[in-house]
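Q: File name start-v9.cif; file contents mmCIF, C-alpha atoms (C1' of nucleotides); full text below.
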```cif
data_entry
loop_
_atom_site.label_atom_id
_atom_site.label_comp_id
_atom_site.auth_asym_id
_atom_site.auth_seq_id
_atom_site.Cartn_x
_atom_site.Cartn_y
_atom_site.Cartn_z
CA MET A 5 139.42 131.47 79.21
CA LEU A 6 136.03 131.57 77.68
CA HIS A 7 133.18 133.96 77.75
CA VAL A 8 129.64 132.99 78.09
CA ARG A 9 126.97 135.37 77.15
CA VAL A 10 123.66 135.06 78.79
CA ARG A 11 120.45 136.68 77.92
CA SER A 12 117.38 136.60 80.02
CA PRO A 13 114.36 136.26 77.82
CA SER A 14 111.93 137.88 80.21
CA THR A 15 113.82 141.01 81.13
CA LEU A 16 117.07 142.53 81.46
CA GLY A 17 119.47 142.26 78.59
CA PHE A 18 122.80 140.64 78.77
CA ALA A 19 125.58 139.64 81.02
CA THR A 20 128.78 137.84 80.35
CA ALA A 21 130.24 135.15 82.44
CA ARG A 22 133.91 134.64 82.34
CA ILE A 23 134.95 131.11 82.82
CA GLN A 24 138.36 130.13 83.91
CA PHE A 25 139.02 126.61 83.09
CA ASN A 26 141.66 124.94 85.19
CA ARG A 27 142.68 121.65 83.87
CA MET A 28 142.48 120.03 87.25
CA SER A 29 138.75 120.01 86.99
CA LYS A 30 138.50 123.10 89.10
CA THR A 31 136.22 125.46 87.40
CA ARG A 32 135.61 128.95 88.53
CA PHE A 33 132.95 131.28 87.42
CA SER A 34 132.96 134.97 87.66
CA VAL A 35 130.30 137.17 86.25
CA LYS A 36 130.56 140.63 84.87
CA PRO A 37 128.07 142.72 83.05
CA ILE A 38 128.79 143.26 79.44
CA GLN A 39 130.57 146.52 78.88
CA SER A 40 130.83 147.00 75.21
CA LYS A 41 130.23 145.03 72.14
CA THR A 42 133.87 144.70 71.43
CA GLU A 43 133.57 141.08 72.23
CA ILE A 44 134.24 139.03 69.23
CA PRO A 45 131.68 136.37 68.74
CA THR A 46 134.11 134.13 67.00
CA SER A 47 132.99 131.29 64.94
CA ASP A 48 130.25 130.24 67.30
CA PRO A 49 131.57 126.82 66.60
CA ASP A 50 128.67 124.89 67.88
CA PRO A 51 125.37 124.77 66.08
CA ASN A 52 123.43 123.91 69.18
CA PRO A 53 123.94 126.62 71.75
CA GLY A 54 122.18 125.11 74.71
CA SER A 55 118.83 125.55 73.17
CA GLU A 56 116.37 123.20 74.74
CA ASN A 57 113.41 125.38 74.17
CA GLY A 58 112.73 128.92 73.23
CA SER A 59 112.14 130.15 76.71
CA ALA A 60 115.40 129.04 78.22
CA ALA A 61 118.13 131.54 78.59
CA GLU A 62 120.16 131.91 75.51
CA LEU A 63 123.67 130.88 75.88
CA ARG A 64 126.66 131.37 73.72
CA VAL A 65 130.19 130.39 74.14
CA PHE A 66 132.89 132.19 72.37
CA SER A 67 136.56 132.47 72.68
CA ARG A 68 138.94 135.34 72.22
CA ARG A 69 141.79 133.45 70.85
CA LYS A 70 140.04 130.67 69.20
CA ARG A 71 141.52 128.27 71.65
CA VAL A 72 138.44 126.24 71.58
CA LYS A 73 139.00 123.43 69.27
CA ARG A 74 136.17 121.13 68.94
CA THR A 75 132.62 120.72 69.86
CA GLU A 76 133.18 118.32 72.70
CA GLU A 77 134.99 120.85 74.76
CA VAL A 78 132.52 123.52 73.98
CA GLN A 79 129.65 121.35 74.97
CA LYS A 80 131.28 120.57 78.23
CA LEU A 81 131.77 124.22 78.98
CA GLN A 82 128.24 124.98 78.10
CA LEU A 83 127.15 122.40 80.54
CA GLU A 84 129.18 124.00 83.25
CA ALA A 85 127.96 127.42 82.35
CA LYS A 86 124.35 126.44 82.31
CA PRO A 87 123.70 126.96 86.01
CA ILE A 88 124.90 130.51 85.62
CA ALA A 89 122.68 131.09 82.71
CA GLN A 90 119.74 129.79 84.62
CA LYS A 91 120.58 131.76 87.67
CA LEU A 92 120.87 134.94 85.72
CA ALA A 93 117.76 134.29 83.77
CA VAL A 94 115.73 133.80 86.90
CA LEU A 95 117.16 136.57 88.92
CA PRO A 96 114.96 139.60 89.42
CA ASP A 97 117.77 142.08 89.25
CA ILE A 98 120.49 141.12 86.91
CA GLU A 99 122.49 144.28 87.38
CA GLU A 100 123.01 143.82 91.03
CA PHE A 101 123.74 140.21 90.67
CA ALA A 102 126.03 140.46 87.77
CA TYR A 103 128.65 142.25 89.78
CA LYS A 104 128.82 139.63 92.44
CA LYS A 105 131.40 137.01 92.15
CA LEU A 106 129.97 133.67 91.56
CA ASN A 107 132.07 131.37 93.55
CA THR A 108 130.73 128.07 92.51
CA SER A 109 133.22 126.80 94.92
CA THR A 110 135.17 123.80 93.94
CA ASN A 111 135.31 122.12 97.23
CA SER A 112 138.18 120.17 98.47
CA ILE A 113 135.90 117.74 100.17
CA ASP A 114 137.56 114.36 100.22
CA THR A 115 140.86 115.87 101.22
CA GLY A 116 139.21 116.77 104.48
CA LYS A 117 139.80 120.44 103.89
CA PRO A 118 136.94 122.78 104.51
CA PRO A 119 135.11 123.97 101.40
CA ALA A 120 135.59 127.54 100.34
CA ASN A 121 133.49 130.11 102.12
CA TRP A 122 131.91 127.68 104.52
CA GLU A 123 132.07 130.20 107.34
CA LYS A 124 130.30 132.85 105.33
CA VAL A 125 127.66 130.35 104.36
CA LEU A 126 127.15 129.19 107.92
CA ASP A 127 126.97 132.74 109.11
CA GLY A 128 124.46 133.67 106.46
CA ILE A 129 122.29 130.72 107.38
CA ARG A 130 122.46 131.70 111.04
CA LYS A 131 121.15 135.11 110.13
CA MET A 132 118.33 133.69 108.07
CA ARG A 133 117.51 131.44 111.02
CA SER A 134 117.57 134.16 113.64
CA SER A 135 113.83 134.58 113.50
CA GLU A 136 113.45 131.00 114.71
CA ASP A 137 110.24 130.47 112.86
CA ALA A 138 110.86 126.91 111.70
CA PRO A 139 108.87 124.02 113.13
CA VAL A 140 111.99 122.54 114.65
CA ASP A 141 112.49 125.61 116.79
CA SER A 142 109.37 125.03 118.80
CA MET A 143 108.72 121.34 118.39
CA GLY A 144 111.99 119.55 117.76
CA CYS A 145 112.90 116.45 119.73
CA GLU A 146 115.49 118.43 121.62
CA LYS A 147 112.72 120.40 123.26
CA ALA A 148 111.06 117.33 124.68
CA GLY A 149 110.67 117.29 128.43
CA SER A 150 112.62 120.49 128.91
CA SER A 151 110.81 121.13 132.17
CA LEU A 152 111.58 117.72 133.63
CA PRO A 153 114.44 116.62 135.89
CA PRO A 154 117.52 115.34 134.03
CA LYS A 155 116.78 111.64 134.04
CA GLU A 156 113.18 112.09 132.99
CA ARG A 157 114.16 114.66 130.43
CA ARG A 158 116.65 112.28 128.86
CA PHE A 159 114.02 109.61 128.66
CA ALA A 160 111.63 112.07 127.05
CA VAL A 161 114.26 112.95 124.48
CA LEU A 162 114.73 109.28 123.69
CA VAL A 163 111.02 108.69 123.32
CA SER A 164 110.58 111.78 121.22
CA SER A 165 113.38 110.65 118.94
CA LEU A 166 111.89 107.22 118.63
CA LEU A 167 108.53 108.59 117.62
CA SER A 168 109.73 111.38 115.41
CA SER A 169 111.24 109.38 112.58
CA GLN A 170 109.29 109.82 109.38
CA THR A 171 106.82 112.15 110.97
CA LYS A 172 106.33 115.88 111.05
CA ASP A 173 107.46 117.81 114.08
CA HIS A 174 104.04 119.01 115.14
CA VAL A 175 102.52 115.53 114.90
CA ASN A 176 105.29 114.15 117.05
CA HIS A 177 104.90 117.01 119.47
CA GLY A 178 101.23 116.19 119.89
CA ALA A 179 102.00 112.57 120.63
CA ILE A 180 104.56 113.51 123.28
CA GLN A 181 102.06 115.86 124.90
CA ARG A 182 99.49 113.10 125.09
CA LEU A 183 101.96 110.69 126.62
CA LEU A 184 102.94 113.32 129.14
CA GLN A 185 99.38 114.06 130.12
CA ASN A 186 98.77 110.38 130.72
CA ASP A 187 101.93 110.01 132.78
CA LEU A 188 103.37 107.72 130.17
CA LEU A 189 106.68 109.38 129.68
CA SER A 190 108.82 107.31 131.99
CA ALA A 191 110.41 103.92 131.54
CA ASP A 192 108.50 102.53 134.47
CA SER A 193 105.04 103.65 133.38
CA ILE A 194 105.51 102.67 129.76
CA ASP A 195 106.77 99.28 130.78
CA LYS A 196 103.57 98.71 132.73
CA ALA A 197 101.23 100.19 130.17
CA ASP A 198 99.31 98.27 127.59
CA GLU A 199 100.79 98.38 124.12
CA ALA A 200 97.40 99.19 122.63
CA THR A 201 97.13 102.21 124.89
CA ILE A 202 100.51 103.45 123.78
CA LYS A 203 99.52 102.87 120.21
CA SER A 204 96.36 104.92 120.47
CA LEU A 205 98.11 107.74 122.29
CA ILE A 206 100.91 108.12 119.79
CA TYR A 207 98.62 107.91 116.77
CA PRO A 208 98.97 109.42 114.19
CA VAL A 209 102.76 109.44 114.14
CA GLY A 210 104.23 107.52 111.25
CA PHE A 211 104.35 103.76 111.71
CA TYR A 212 102.68 103.93 115.08
CA THR A 213 102.16 100.18 115.36
CA ARG A 214 105.82 99.36 115.17
CA LYS A 215 106.75 102.34 117.26
CA ALA A 216 104.37 101.31 120.03
CA SER A 217 106.01 97.93 120.06
CA ASN A 218 109.51 99.43 119.99
CA LEU A 219 108.60 101.84 122.75
CA LYS A 220 107.56 99.00 125.03
CA LYS A 221 110.79 97.15 124.38
CA VAL A 222 112.91 100.24 124.87
CA ALA A 223 111.18 101.12 128.11
CA ASN A 224 111.79 97.64 129.40
CA ILE A 225 115.45 97.71 128.46
CA CYS A 226 115.90 101.11 130.08
CA LEU A 227 114.20 99.92 133.22
CA THR A 228 116.03 96.66 133.66
CA LYS A 229 119.44 97.56 132.33
CA TYR A 230 119.80 101.25 133.03
CA ASP A 231 117.68 101.79 136.09
CA GLY A 232 115.08 103.75 134.18
CA ASP A 233 117.63 106.02 132.58
CA ILE A 234 118.75 105.82 128.99
CA PRO A 235 122.00 104.33 127.66
CA SER A 236 124.85 106.82 127.61
CA SER A 237 126.93 105.45 124.77
CA LEU A 238 126.39 105.48 121.05
CA GLU A 239 126.66 101.71 120.74
CA GLU A 240 124.15 101.02 123.45
CA LEU A 241 121.70 103.49 121.98
CA LEU A 242 122.06 101.90 118.57
CA SER A 243 121.24 98.55 120.06
CA LEU A 244 117.76 99.75 120.95
CA PRO A 245 115.02 98.81 118.51
CA GLY A 246 113.94 101.77 116.41
CA ILE A 247 117.06 103.79 117.17
CA GLY A 248 119.39 104.17 114.21
CA PRO A 249 122.35 106.46 113.60
CA LYS A 250 120.38 109.63 113.17
CA MET A 251 118.52 109.30 116.44
CA ALA A 252 121.46 107.89 118.35
CA HIS A 253 123.54 110.96 117.62
CA LEU A 254 120.64 113.23 118.38
CA VAL A 255 120.19 111.63 121.76
CA MET A 256 123.89 111.76 122.55
CA ASN A 257 123.95 115.44 121.59
CA VAL A 258 120.87 116.78 123.29
CA GLY A 259 120.31 114.08 125.88
CA TRP A 260 123.83 113.75 127.23
CA ASN A 261 125.60 116.79 125.81
CA ASP A 262 128.20 114.33 124.66
CA VAL A 263 128.88 114.95 121.00
CA GLN A 264 130.16 111.79 119.38
CA GLY A 265 129.07 112.66 115.87
CA ILE A 266 126.86 114.85 113.76
CA CYS A 267 123.17 114.12 113.71
CA VAL A 268 122.48 113.89 110.01
CA ASP A 269 118.90 113.78 108.94
CA THR A 270 117.40 114.28 105.53
CA HIS A 271 117.76 118.07 105.73
CA VAL A 272 121.42 118.04 106.69
CA HIS A 273 122.06 115.41 104.05
CA ARG A 274 120.32 117.33 101.29
CA ILE A 275 121.68 120.76 102.12
CA CYS A 276 125.27 119.65 102.54
CA ASN A 277 125.11 118.08 99.12
CA ARG A 278 123.53 121.15 97.57
CA LEU A 279 126.29 123.27 99.03
CA GLY A 280 128.93 120.88 97.77
CA TRP A 281 130.15 120.33 101.31
CA VAL A 282 130.38 116.56 101.09
CA SER A 283 131.22 113.87 98.60
CA ARG A 284 131.89 110.18 98.41
CA PRO A 285 135.40 109.37 99.46
CA GLY A 286 137.70 109.71 96.48
CA LYS A 287 134.90 110.69 94.19
CA LYS A 288 133.42 113.99 93.28
CA GLN A 289 129.94 112.57 93.47
CA LYS A 290 127.38 113.52 96.01
CA THR A 291 126.96 111.33 99.02
CA SER A 292 124.04 108.96 98.68
CA THR A 293 123.17 108.23 102.28
CA PRO A 294 122.99 110.29 105.46
CA GLU A 295 125.69 108.13 106.97
CA GLN A 296 128.08 108.95 104.14
CA THR A 297 127.23 112.59 104.62
CA ARG A 298 127.97 112.38 108.32
CA GLU A 299 131.39 110.87 107.74
CA ALA A 300 132.27 113.32 105.00
CA LEU A 301 131.10 116.31 107.02
CA GLN A 302 132.97 115.24 110.10
CA LEU A 303 136.19 115.26 108.12
CA TRP A 304 136.33 119.02 108.03
CA LEU A 305 133.62 120.67 110.10
CA PRO A 306 135.05 121.95 113.39
CA LYS A 307 133.69 120.05 116.32
CA GLU A 308 132.08 123.06 117.95
CA GLU A 309 129.67 123.06 115.04
CA TRP A 310 128.74 119.40 115.18
CA ASP A 311 125.89 119.94 117.57
CA PRO A 312 124.45 123.27 116.35
CA ILE A 313 124.63 122.30 112.68
CA ASN A 314 121.60 120.07 112.97
CA PRO A 315 118.96 122.50 114.26
CA LEU A 316 120.50 125.15 112.05
CA LEU A 317 120.19 123.22 108.81
CA VAL A 318 116.94 121.51 109.72
CA GLY A 319 115.20 124.81 110.22
CA PHE A 320 116.83 126.22 107.12
CA GLY A 321 115.63 123.17 105.23
CA GLN A 322 112.12 123.54 106.54
CA THR A 323 111.78 127.16 105.56
CA ILE A 324 114.11 128.06 102.70
CA CYS A 325 116.25 125.26 101.33
CA THR A 326 113.26 122.99 101.00
CA PRO A 327 113.51 119.57 99.40
CA LEU A 328 111.18 120.59 96.64
CA ARG A 329 111.32 124.00 95.01
CA PRO A 330 113.96 125.56 97.22
CA ARG A 331 113.43 129.27 97.70
CA CYS A 332 116.77 130.34 96.31
CA GLY A 333 115.38 133.80 95.77
CA LEU A 334 115.07 134.24 99.52
CA CYS A 335 118.41 132.70 100.34
CA SER A 336 121.17 135.10 101.27
CA VAL A 337 123.95 132.65 100.49
CA SER A 338 122.86 131.56 97.04
CA GLU A 339 125.94 133.24 95.62
CA PHE A 340 128.02 130.56 97.29
CA CYS A 341 125.79 127.66 96.42
CA PRO A 342 126.65 125.52 93.40
CA SER A 343 123.07 124.31 93.29
CA ALA A 344 121.31 127.63 93.52
CA PHE A 345 118.51 128.05 91.00
CA LYS A 346 119.27 124.73 89.45
CA GLU A 347 116.02 123.20 90.55
CA ALA A 348 112.67 124.69 89.72
CA SER A 349 112.22 127.49 92.15
CA SER A 350 109.27 128.41 94.21
CA PRO A 351 106.73 130.96 93.03
CA SER A 352 107.91 133.13 95.90
CA SER A 353 110.80 134.44 93.89
CA LYS A 354 109.15 136.93 91.65
CA SER A 355 109.24 135.43 88.25
CA LYS A 356 105.61 135.21 87.40
CA LYS A 357 106.10 136.87 84.08
CA SER A 358 106.60 134.60 81.17
CA GLY A 359 106.97 131.39 83.10
CA SER A 360 110.38 131.00 81.71
CA ASN A 361 111.72 128.99 84.57
CA LYS A 362 109.11 126.35 84.56
CA LYS A 363 111.25 123.33 84.30
CA LEU A 364 114.80 124.04 83.60
"C1'" DA B 20 115.31 97.42 97.66
"C1'" DT B 21 110.99 97.37 100.07
"C1'" DC B 22 107.93 97.94 103.71
"C1'" DC B 23 105.94 100.42 107.40
"C1'" DG B 24 100.82 104.96 107.84
"C1'" DG B 25 98.91 109.30 108.07
"C1'" DT B 26 99.17 114.27 106.89
"C1'" DT B 27 99.91 118.08 103.95
"C1'" DA B 28 101.24 120.35 99.59
"C1'" DT B 29 100.43 120.47 94.74
"C1'" DA C 20 94.01 112.59 92.88
"C1'" DT C 21 98.63 112.09 93.68
"C1'" DA C 22 103.00 112.87 95.38
"C1'" DA C 23 105.98 114.26 98.93
"C1'" DC C 24 107.24 114.21 103.68
"C1'" DG C 25 110.76 111.84 107.08
"C1'" DG C 26 114.34 106.77 109.47
"C1'" DG C 27 114.78 102.17 110.61
"C1'" DA C 28 114.61 97.24 109.88
"C1'" DT C 29 114.50 93.22 106.97
#
```
Translate this file's structure into structure tokens.
A:
Amino acid sequence: MLHVRVRSPSTLGFATARIQFNRMSKTRFSVKPIQSKTEIPTSDPDPNPGSENGSAAELRVFSRRKRVKRTEEVQKLQLEAKPIAQKLAVLPDIEEFAYKKLNTSTNSIDTGKPPANWEKVLDGIRKMRSSEDAPVDSMGCEKAGSSLPPKERRFAVLVSSLLSSQTKDHVNHGAIQRLLQNDLLSADSIDKADEATIKSLIYPVGFYTRKASNLKKVANICLTKYDGDIPSSLEELLSLPGIGPKMAHLVMNVGWNDVQGICVDTHVHRICNRLGWVSRPGKKQKTSTPEQTREALQLWLPKEEWDPINPLLVGFGQTICTPLRPRCGLCSVSEFCPSAFKEASSPSSKSKKSGSNKKL
DNA sequence: ATCCGGTTAT
DNA sequence: ATAACGGGAT
């Protein structure tokens, strides 16, 4: 067992992190405030204690029993301890935080076992999402055509999915509204309509030229093969131009209430990896594509959650766990997140003094 | 791996 | 003035 001492340069004094080092690559961190100075700063065997620049949190590794042999091991531990140091250095109130247990959970992942604390995390995210103030809550594809009869609603969901890829929710919402107002939200009417008309109505969704063309084809297929309805199986949906795995699962979920798989978009993909909920099969690496994430997530997430996980994480990703500068300071489950405060955080977490967390 | 477009945040 | 946003097809 090693101790890591962390000092925040901007405020706050010290805390120690105790690191238990299991040889099976499972590393656990727990944090306690420093009690006395009876700690023995033995040897300080490494001349470069994580010092990248003067403003970074100071970090020292020392051992009670001098079990630490050589610099390699020490360096490795420092690397593992660094997130803690950063987290502590950034945190507004070190006292409060220092008492919490830092479960940088070592997730089972590829064994198909659920990661530690996943229920707490999910619950915490649900609470953060209860205000329903994310774009997806009002303008997601799943809302499309909610006032229409079932068949028309399903078609609206399909169209909305088709248009929504690579475009913001509100832009897509606008396009759907325009189609609706022009009675162009049914297979029949779209099949008859001029492609240029479609194109101008759906502008400015991303890639509107191709989408207009895809929309015409899809409408025709729906009309001739499915009597104006949409395909009801995953395979058939995937065969439609412009419908890939993400949209196919979305349509199965919200269009047919038939959950065949998790709808993994960029938010779900990113957040699951930040939480350490997924990994490449056999590896401890992060998944590199949404499809890998879907398969890994499906290994352990209970099926009741397959459908709700998407709107939950999408909204969370739009408001708090953003792709860039995640607002870890506003996140109530950061204590369970291995990635918390690892990326440059948003100015919303109060650390305006001494820009010490500029680019850690 | 690259292309497909426009909008919004930095 | 850029870079980032967000999936599918080749």
Q: Starting from the shown file, work through the PyMOL selection byres ((chain A) within 10 of (chain B)) and note down what comes out as a ChimeraX atom specification.
A: /A:170-172,175,207-214
Q: If the PyMOL selection byres ((chain A) within 10 of (chain C)) were run on this exact file, what residues would it hold? Put them as a PyMOL selection string.
A: chain A and resi 166+168-173+210+245-251+269-271+327-328
Q: Could you work out how far CA of Val263 in chain A lies from CA of Gln181 in chain A, giving the answer in Å with one decimal?
A: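 Taking CA of Gln181 in chain A and CA of Val263 in chain A, their separation equals 27.1 Å.
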Q: In Å to one decimal, how far is CA of Ser165 in chain A from CA of Ala148 in chain A?
A: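 Distance between the two atoms: 9.1 Å.
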Q: One decimal, in Å: what's the spacing between CA of Ser338 in chain A and CA of Gly321 in chain A?
A: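 CA of Gly321 in chain A lies at a distance of 13.8 Å from CA of Ser338 in chain A.
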Q: How big is the axis-aligned box, and where does its centre sit, when it encloses all atoms of chain B listed in the file and has 4 Å added on every side, reported in Å to one decimal as lines of an AutoDock Vina configuration file?
A:
```
center_x = 107.1
center_y = 108.9
center_z = 101.4
size_x = 24.4
size_y = 31.1
size_z = 21.3
```
Q: Evaluate the PyMOL selection byres ((chain A and resi 195-202) around 9) on the structure here and hand back the selected residues as a PyMOL selection string.
A: chain A and resi 183+188+190-194+203-207+212-213+216-217+219-224+227
